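Student: Just so it is clear, I am handing over protein14.txt, which has compact mmCIF, C-alpha atoms and all ligand atoms.
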# COMPACT_ATOMS: atom_id res chain seq x y z
CA MET O 1430 19.78 -0.06 -2.79
CA ALA O 1431 20.68 -1.68 0.52
CA ALA O 1432 18.19 -0.55 3.14
CA ASP O 1433 19.84 0.92 6.21
CA LEU O 1434 18.91 -2.03 8.34
CA PHE O 1435 21.07 -1.11 11.29
CA ASP O 1436 20.07 2.51 11.48
CA GLY O 1437 18.63 3.01 14.93
CA LEU O 1438 16.67 1.14 17.55
CA GLU O 1439 13.48 0.74 15.54
CA SER O 1440 15.17 -1.86 13.39
CA ALA O 1441 15.48 -4.38 16.23
CA GLY O 1442 14.37 -7.83 15.12
CA PRO O 1443 15.07 -9.78 11.97
CA ALA O 1444 15.24 -7.71 8.77
CA ARG O 1445 13.25 -10.31 6.92
CA GLN O 1446 10.25 -12.09 8.34
CA GLN O 1447 7.94 -14.57 6.68
CA LEU O 1448 4.47 -13.58 7.93
CA ALA O 1449 2.67 -16.40 6.15
CA PRO O 1450 3.26 -18.52 3.05
CA GLY O 1451 3.80 -15.96 0.27
CA ALA O 1452 3.96 -12.92 2.60
CA VAL O 1453 7.43 -11.53 3.32
CA LEU O 1454 8.07 -8.51 5.57
CA LEU O 1455 11.27 -6.62 4.73
CA ARG O 1456 11.78 -4.43 7.79
CA GLY O 1457 13.14 -0.98 7.01
CA PHE O 1458 13.67 -1.79 3.35
CA ALA O 1459 12.53 1.68 2.20
CA ARG O 1460 14.06 3.74 5.01
CA SER O 1461 17.20 4.87 3.22
CA GLN O 1462 14.99 6.49 0.56
CA GLN O 1463 12.46 8.09 2.88
CA ALA O 1464 13.13 11.73 1.92
CA GLU O 1465 13.04 11.08 -1.83
CA LEU O 1466 9.91 8.92 -1.52
CA ILE O 1467 8.06 11.65 0.37
CA ALA O 1468 9.12 14.33 -2.13
CA VAL O 1469 7.85 12.17 -4.98
CA ILE O 1470 4.54 11.50 -3.20
CA GLU O 1471 4.08 15.26 -2.80
CA ALA O 1472 4.75 15.79 -6.51
CA ILE O 1473 2.19 13.12 -7.45
CA ALA O 1474 -0.40 14.59 -5.07
CA ALA O 1475 0.13 18.03 -6.63
CA GLN O 1476 -1.03 16.55 -9.96
CA ALA O 1477 -3.58 14.05 -8.65
CA PRO O 1478 -4.70 15.21 -5.18
CA PHE O 1479 -5.63 12.81 -2.38
CA ARG O 1480 -9.38 12.40 -2.17
CA ARG O 1481 -11.79 10.41 -0.01
CA MET O 1482 -13.84 8.35 -2.42
CA MET O 1483 -17.37 7.05 -2.12
CA THR O 1484 -17.91 3.30 -1.92
CA PRO O 1485 -20.61 1.65 -4.06
CA GLY O 1486 -22.62 1.40 -0.82
CA GLY O 1487 -22.61 5.19 -0.49
CA HIS O 1488 -20.12 5.52 2.37
CA GLN O 1489 -17.22 7.93 2.19
CA MET O 1490 -13.92 6.16 2.85
CA SER O 1491 -11.90 7.37 5.85
CA VAL O 1492 -8.68 6.81 3.89
CA ALA O 1493 -7.77 9.45 1.27
CA MET O 1494 -6.31 8.01 -1.94
CA THR O 1495 -4.59 8.82 -5.16
CA SER O 1496 -2.73 6.73 -7.73
CA CYS O 1497 0.07 6.75 -10.24
CA GLY O 1498 0.67 4.43 -13.15
CA SER O 1499 -1.06 3.62 -16.42
CA CYS O 1500 -4.21 2.97 -14.40
CA GLY O 1501 -5.42 3.97 -10.96
CA TRP O 1502 -7.91 2.44 -8.56
CA VAL O 1503 -11.22 4.23 -8.25
CA THR O 1504 -14.51 3.63 -6.53
CA ASP O 1505 -17.84 5.39 -6.92
CA ARG O 1506 -21.54 4.57 -6.77
CA THR O 1507 -21.13 2.32 -9.84
CA GLY O 1508 -18.44 0.07 -8.31
CA TYR O 1509 -14.68 -0.45 -8.01
CA ARG O 1510 -12.34 -0.47 -11.00
CA TYR O 1511 -8.95 0.43 -12.40
CA ASP O 1512 -9.24 3.41 -14.73
CA ALA O 1513 -6.66 5.02 -17.04
CA LEU O 1514 -8.03 8.48 -16.15
CA ASP O 1515 -8.28 10.30 -12.84
CA PRO O 1516 -12.03 10.99 -12.58
CA GLU O 1517 -11.35 14.27 -10.74
CA SER O 1518 -9.32 15.79 -13.58
CA GLY O 1519 -10.22 13.66 -16.58
CA GLN O 1520 -6.44 13.34 -17.16
CA PRO O 1521 -4.19 10.27 -17.08
CA TRP O 1522 -2.68 9.47 -13.68
CA PRO O 1523 0.95 10.58 -13.18
CA ALA O 1524 3.47 7.95 -14.33
CA ILE O 1525 5.10 5.61 -11.80
CA PRO O 1526 8.41 7.37 -11.02
CA PRO O 1527 11.65 5.35 -11.51
CA LEU O 1528 12.38 5.56 -7.75
CA PHE O 1529 9.05 3.84 -7.00
CA ARG O 1530 9.45 1.28 -9.76
CA ASP O 1531 12.98 0.32 -8.67
CA LEU O 1532 11.96 -0.03 -5.03
CA ALA O 1533 8.98 -2.27 -5.89
CA GLU O 1534 11.03 -4.38 -8.28
CA GLN O 1535 13.88 -4.84 -5.78
CA ALA O 1536 11.52 -5.74 -2.93
CA ALA O 1537 9.65 -8.27 -5.08
CA SER O 1538 12.91 -9.83 -6.21
CA GLU O 1539 14.14 -10.01 -2.59
CA ALA O 1540 10.97 -11.97 -1.80
CA GLY O 1541 11.45 -14.35 -4.73
CA PHE O 1542 9.30 -12.69 -7.42
CA ALA O 1543 11.57 -11.89 -10.36
CA ASP O 1544 10.63 -9.29 -12.98
CA PHE O 1545 7.75 -7.63 -11.12
CA ALA O 1546 6.47 -4.91 -13.44
CA PRO O 1547 3.72 -2.93 -11.66
CA ASP O 1548 1.41 -0.81 -13.79
CA ALA O 1549 -0.49 0.79 -10.90
CA CYS O 1550 0.53 2.26 -7.56
CA LEU O 1551 -2.26 3.10 -5.15
CA ILE O 1552 -1.30 5.70 -2.53
CA ASN O 1553 -3.34 5.65 0.69
CA ARG O 1554 -3.22 8.41 3.28
CA TYR O 1555 -4.42 7.73 6.83
CA GLU O 1556 -5.06 10.35 9.48
CA PRO O 1557 -5.76 9.39 13.11
CA GLY O 1558 -8.93 7.26 13.23
CA ALA O 1559 -8.82 6.30 9.55
CA LYS O 1560 -9.07 2.56 8.87
CA MET O 1561 -9.47 0.05 6.12
CA SER O 1562 -11.99 -2.70 6.75
CA LEU O 1563 -11.18 -6.33 6.03
CA HIS O 1564 -11.17 -6.92 2.25
CA GLN O 1565 -9.52 -8.88 -0.55
CA ASP O 1566 -7.70 -7.26 -3.47
CA ARG O 1567 -9.17 -9.01 -6.48
CA ASP O 1568 -9.72 -6.26 -9.04
CA GLU O 1569 -6.34 -7.02 -10.64
CA ARG O 1570 -6.30 -9.15 -13.76
CA ASP O 1571 -3.03 -10.94 -12.98
CA ILE O 1572 -3.46 -12.57 -9.60
CA GLY O 1573 -0.12 -14.39 -10.19
CA ALA O 1574 1.78 -11.13 -9.67
CA PRO O 1575 2.45 -10.09 -6.06
CA ILE O 1576 1.46 -6.81 -4.41
CA VAL O 1577 4.28 -4.80 -2.84
CA SER O 1578 3.33 -2.46 0.01
CA VAL O 1579 5.45 0.32 1.51
CA SER O 1580 4.55 1.92 4.86
CA LEU O 1581 5.61 5.48 5.71
CA GLY O 1582 4.84 7.77 8.65
CA LEU O 1583 2.84 6.73 11.71
CA PRO O 1584 2.80 3.04 12.64
CA ALA O 1585 -0.28 0.93 11.91
CA THR O 1586 -1.82 -2.31 13.05
CA PHE O 1587 -2.22 -4.52 10.03
CA LEU O 1588 -4.85 -7.28 10.14
CA PHE O 1589 -4.08 -10.39 8.17
CA GLY O 1590 -6.70 -13.08 7.78
CA GLY O 1591 -7.27 -16.08 5.56
CA LEU O 1592 -9.12 -16.80 2.34
CA LYS O 1593 -12.51 -16.49 4.06
CA ARG O 1594 -13.73 -13.26 5.65
CA THR O 1595 -14.53 -15.13 8.83
CA ASP O 1596 -11.06 -16.70 9.19
CA LYS O 1597 -9.21 -15.60 12.30
CA THR O 1598 -6.93 -12.57 11.79
CA GLN O 1599 -3.40 -12.02 12.99
CA ARG O 1600 -2.10 -8.55 13.83
CA TYR O 1601 1.23 -7.09 12.79
CA ARG O 1602 2.66 -3.67 13.47
CA LEU O 1603 3.91 -1.94 10.32
CA VAL O 1604 6.25 1.00 10.82
CA HIS O 1605 7.90 3.67 8.72
CA GLY O 1606 10.08 2.10 6.04
CA ASP O 1607 8.63 -1.41 6.22
CA VAL O 1608 7.96 -3.15 2.92
CA VAL O 1609 5.79 -6.26 2.56
CA VAL O 1610 5.51 -8.47 -0.49
CA TRP O 1611 2.23 -10.37 -0.79
CA GLY O 1612 2.20 -13.15 -3.34
CA GLY O 1613 1.40 -16.79 -3.86
CA PRO O 1614 -1.11 -18.12 -1.32
CA ALA O 1615 -1.16 -14.74 0.53
CA ARG O 1616 -2.30 -12.81 -2.54
CA LEU O 1617 -6.02 -13.34 -1.96
CA ALA O 1618 -6.00 -13.24 1.83
CA PHE O 1619 -8.41 -10.90 3.63
CA HIS O 1620 -6.59 -7.95 5.20
CA GLY O 1621 -7.18 -4.51 6.67
CA ILE O 1622 -5.83 -1.69 8.82
CA ALA O 1623 -7.11 -0.97 12.36
CA PRO O 1624 -8.09 2.66 13.13
CA LEU O 1625 -4.86 4.68 13.09
CA ALA O 1626 -3.64 5.73 16.53
CA ASP O 1627 -2.75 9.39 16.89
CA GLY O 1628 0.91 10.33 17.04
CA GLU O 1629 3.50 12.53 15.46
CA HIS O 1630 5.99 11.32 12.87
CA ALA O 1631 9.19 13.31 12.29
CA LEU O 1632 8.71 13.53 8.51
CA LEU O 1633 4.98 13.04 7.96
CA GLY O 1634 3.38 14.50 11.08
CA ARG O 1635 -0.01 12.99 12.02
CA ARG O 1636 -0.23 10.78 8.97
CA ARG O 1637 0.52 7.38 7.58
CA ILE O 1638 1.06 6.87 3.87
CA ASN O 1639 0.98 3.45 2.25
CA LEU O 1640 2.02 2.67 -1.30
CA THR O 1641 0.76 -0.53 -2.95
CA PHE O 1642 2.25 -1.60 -6.23
CA ARG O 1643 0.11 -3.86 -8.39
CA ARG O 1644 -0.03 -5.52 -11.76
CA ALA O 1645 -3.61 -4.54 -12.51
CA ARG O 1646 -3.94 -5.02 -16.26
C1 LIG O 1701 -2.37 -8.71 1.64
N1 LIG O 1701 -3.87 -1.19 1.89
O1 LIG O 1701 -4.70 -0.58 -0.58
S1 LIG O 1701 -1.12 -2.60 2.62
C2 LIG O 1701 -5.06 -1.68 -0.12
O2 LIG O 1701 -1.93 -0.20 4.57
C3 LIG O 1701 -4.65 -2.04 1.25
O3 LIG O 1701 -3.10 0.93 3.17
C4 LIG O 1701 -3.47 -1.37 3.25
O4 LIG O 1701 -5.04 -3.06 1.72
C5 LIG O 1701 -2.76 -0.13 3.69
O5 LIG O 1701 -5.70 -2.51 -0.75
C6 LIG O 1701 -2.66 -2.57 3.47
C7 LIG O 1701 -0.78 -4.29 2.73
C8 LIG O 1701 -1.47 -5.18 1.77
C9 LIG O 1701 -1.87 -4.76 0.51
C10 LIG O 1701 -2.43 -5.64 -0.35
C11 LIG O 1701 -2.60 -6.98 0.01
C12 LIG O 1701 -1.65 -6.48 2.13
C13 LIG O 1701 -2.20 -7.39 1.27
C14 LIG O 1701 -3.14 -7.93 -0.87
C15 LIG O 1701 -3.26 -9.23 -0.48
C16 LIG O 1701 -2.90 -9.63 0.78
FE FE O 1702 -5.88 -4.30 0.15
Will you turn the file into structure tokens for me?
Ligand code: MD3
Ligand code: FE
Tutor:
Amino acid sequence: MAADLFDGLESAGPARQQLAPGAVLLRGFARSQQAELIAVIEAIAAQAPFRRMMTPGGHQMSVAMTSCGSCGWVTDRTGYRYDALDPESGQPWPAIPPLFRDLAEQAASEAGFADFAPDACLINRYEPGAKMSLHQDRDERDIGAPIVSVSLGLPATFLFGGLKRTDKTQRYRLVHGDVVVWGGPARLAFHGIAPLADGEHALLGRRRINLTFRRAR
């Protein structure tokens, strides 16, 4: 369970950093499980492939997504929602694997949220240039539960704003193995990802993968 916090130069800096009230960065928390996490992501994507969805406004997202859990996040011309079925296959999403569930639960507990029981895990895949514009995550029923995010592959610049879209944003670099728990007053903050810079990651190549665990229903 213990993340290999002292494994290499990238882990310089405190292992735990409070980014804002309710937002806790656990540097390198997922690193010791990197190989297993990537194998499990590949297995999920074999059942429910990554796809670039259409927003209600008719724009194709630059980020490719899939989900696991009893519901997955989907967007189409009719809007955003959590759905029990993958619209591409008409089948239920793959279950959240125990490895994922344990990691999310342990990270949440480390950040002070006991008994986090996610029912959805959104998996985002970024290639160079892909971005996620500033948004709030408010499609989940239980806003009292945190969101746990896990970054893998190429580093990203994360934009973290306030409760209003126009609030000033702060930038943080998220690297392979970083886990962030977003709860309390941070839960409804505007956030996004700047266009991904090109690079090569030893395990994931020219990609970044982000897992977000949510209590959606
Ligand atoms: C702060 N994903 O899937 S993860 C998303 O890296 C999303 O793919 C980004 O935003 C990514 O919705 C950012 C970090 C994150 C996730 C959810 C949050 C930060 C958050 C919810 C509230 C506040
Ligand atoms: Fe988000």
Student: List the neighbours of Ala1459 in chain O out to 8 Å using all atoms listed in the file; skip same-chain residues closer than 5 positions along the sequence, and give me the result as a list in words.
Tutor: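 Skipping anything fewer than 5 positions along the chain leaves Ala1432, Leu1532, Val1579, Gly1606, Asp1607 and Val1608 of chain O.
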Student: With C-alpha atoms kept, could you save the residues just selected as a compact mmCIF listing (two decimals), keeping the file's coordinate frame?
Tutor:
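Saved the output as out.txt:
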# COMPACT_ATOMS: atom_id res chain seq x y z
CA ALA O 1432 18.19 -0.55 3.14
CA LEU O 1532 11.96 -0.03 -5.03
CA VAL O 1579 5.45 0.32 1.51
CA GLY O 1606 10.08 2.10 6.04
CA ASP O 1607 8.63 -1.41 6.22
CA VAL O 1608 7.96 -3.15 2.92
Student: With all atoms listed in the file counted, collect every polymer residue having an atom within 7 Å of ligand FE 1702 (chain O); state the result as an mmCIF file with C-alpha atoms, in the frame of the given file.
Tutor:
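Saved to pocket_2.cif:
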data_model
loop_
_atom_site.group_PDB
_atom_site.id
_atom_site.type_symbol
_atom_site.label_atom_id
_atom_site.label_comp_id
_atom_site.auth_asym_id
_atom_site.auth_seq_id
_atom_site.Cartn_x
_atom_site.Cartn_y
_atom_site.Cartn_z
ATOM 1 C CA HIS O 1564 -11.170 -6.920 2.250
ATOM 2 C CA GLN O 1565 -9.520 -8.880 -0.550
ATOM 3 C CA ASP O 1566 -7.700 -7.260 -3.470
ATOM 4 C CA HIS O 1620 -6.590 -7.950 5.200
ATOM 5 C CA GLY O 1621 -7.180 -4.510 6.670
#
Student: Could you list, as a PyMOL selection string, all the residues within 8 Å of ligand LIG 1701 (chain O), counting all atoms listed in the file?
Tutor: chain O and resi 1452+1551-1555+1561+1564-1566+1575-1580+1585+1587+1589+1609-1612+1615-1622+1638-1641
Student: Counting all atoms listed in the file, write as a list in words all protein and nucleic acid residues lying at most 6 Å from (1.5, 0.0, -12.5) in the file's frame.
Tutor: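 Here is the list of nearby residues: Gly1498, Ser1499, Pro1547, Asp1548, Ala1549, Cys1550, Arg1643 and Arg1644 of chain O.
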Student: Excluding Trp1502 in chain O and any residue of its chain fewer than 6 positions from it, enumerate the residues within 8 Å of it, using all atoms listed in the file, and give them as a PDB file with C-alpha atoms, keeping the file's coordinate frame.
Tutor:
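Result written to around31.pdb:
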ATOM      1  CA  THR O1495      -4.590   8.820  -5.160  1.00  0.00           C
ATOM      2  CA  SER O1496      -2.730   6.730  -7.730  1.00  0.00           C
ATOM      3  CA  TYR O1509     -14.680  -0.450  -8.010  1.00  0.00           C
ATOM      4  CA  ARG O1510     -12.340  -0.470 -11.000  1.00  0.00           C
ATOM      5  CA  TYR O1511      -8.950   0.430 -12.400  1.00  0.00           C
ATOM      6  CA  ASP O1512      -9.240   3.410 -14.730  1.00  0.00           C
ATOM      7  CA  ALA O1549      -0.490   0.790 -10.900  1.00  0.00           C
ATOM      8  CA  LEU O1551      -2.260   3.100  -5.150  1.00  0.00           C
TER       9      LEU O1551
END
Student: Please indicate the distance in Å from CA of Leu1588 in chain O to CA of Gly1457 in chain O, rounded to one decimal place.
Tutor: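 Distance reported for this atom pair: 19.3 Å.
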Student: Put the listed atoms of range 1607-1625 of chain O in a box along x, y and z with 5 Å added on every side and give me the centre and edge lengths in Å to one decimal, as AutoDock Vina command-line options.
Tutor:
--center_x 0.1 --center_y -6.7 --center_z 4.6 --size_x 27.0 --size_y 32.8 --size_z 27.0
Student: Would you list the contacts of Ala1475 in chain O as a count of residues only, taking every protein, DNA or RNA residue within 12 Å and counting all atoms listed in the file, but skipping same-chain residues closer than 2 positions in sequence?
Tutor: 16
Student: Do you have the CA of Ala1513 in chain O-CA of Asp1571 in chain O distance handy?
Tutor: 16.9 Å
Student: Write out as a PDB file with C-alpha atoms, keeping the file's coordinate frame each polymer residue whose atoms come within 9 Å of Arg1445 in chain O, counting all atoms listed in the file; drop sequence neighbours fewer than 5 positions from it.
Tutor:
ATOM      1  CA  VAL O1453       7.430 -11.530   3.320  1.00  0.00           C
ATOM      2  CA  LEU O1454       8.070  -8.510   5.570  1.00  0.00           C
ATOM      3  CA  LEU O1455      11.270  -6.620   4.730  1.00  0.00           C
ATOM      4  CA  ARG O1456      11.780  -4.430   7.790  1.00  0.00           C
TER       5      ARG O1456
END
Student: Could you check which of O:Arg1600, O:Ala1540, O:Gly1487, O:Asp1568 is closest to Val1503 in chain O, using all atoms listed in the file?
Tutor: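 Nearest to Val1503 in chain O: O:Asp1568.
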Student: What separation in Å, quoted to one decimal, exists between CA of Pro1557 in chain O and CA of Glu1629 in chain O?
Tutor: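 CA of Glu1629 in chain O lies 10.1 Å from CA of Pro1557 in chain O.
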Student: Using all atoms listed in the file, find the one residue out of O:Gly1541, O:Gly1582, O:Pro1527, O:Pro1516 that sits nearest to Ala1631 in chain O.
Tutor: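 Going through O:Gly1541, O:Gly1582, O:Pro1527, O:Pro1516 one by one, the smallest distance to Ala1631 in chain O is for O:Gly1582.
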Student: From the list O:Leu1625, O:Leu1583, O:Leu1563, O:Ala1574, which residue is nearest Lys1597 in chain O when using only C-alpha atoms?
Tutor: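 The closest residue to Lys1597 in chain O is O:Leu1563.
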Student: Could you check which of O:Val1492, O:Ala1464, O:Thr1504, O:Gly1573 is closest to Ala1543 in chain O, using all atoms listed in the file?
Tutor: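 Counting all atoms listed in the file, the residue closest to Ala1543 in chain O is O:Gly1573.
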Student: Which one is closest to Pro1614 in chain O: O:Pro1443, O:Arg1602, O:Gly1590, O:Gln1463? Count all atoms listed in the file.
Tutor: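 Smallest separation from Pro1614 in chain O among the options: O:Gly1590.
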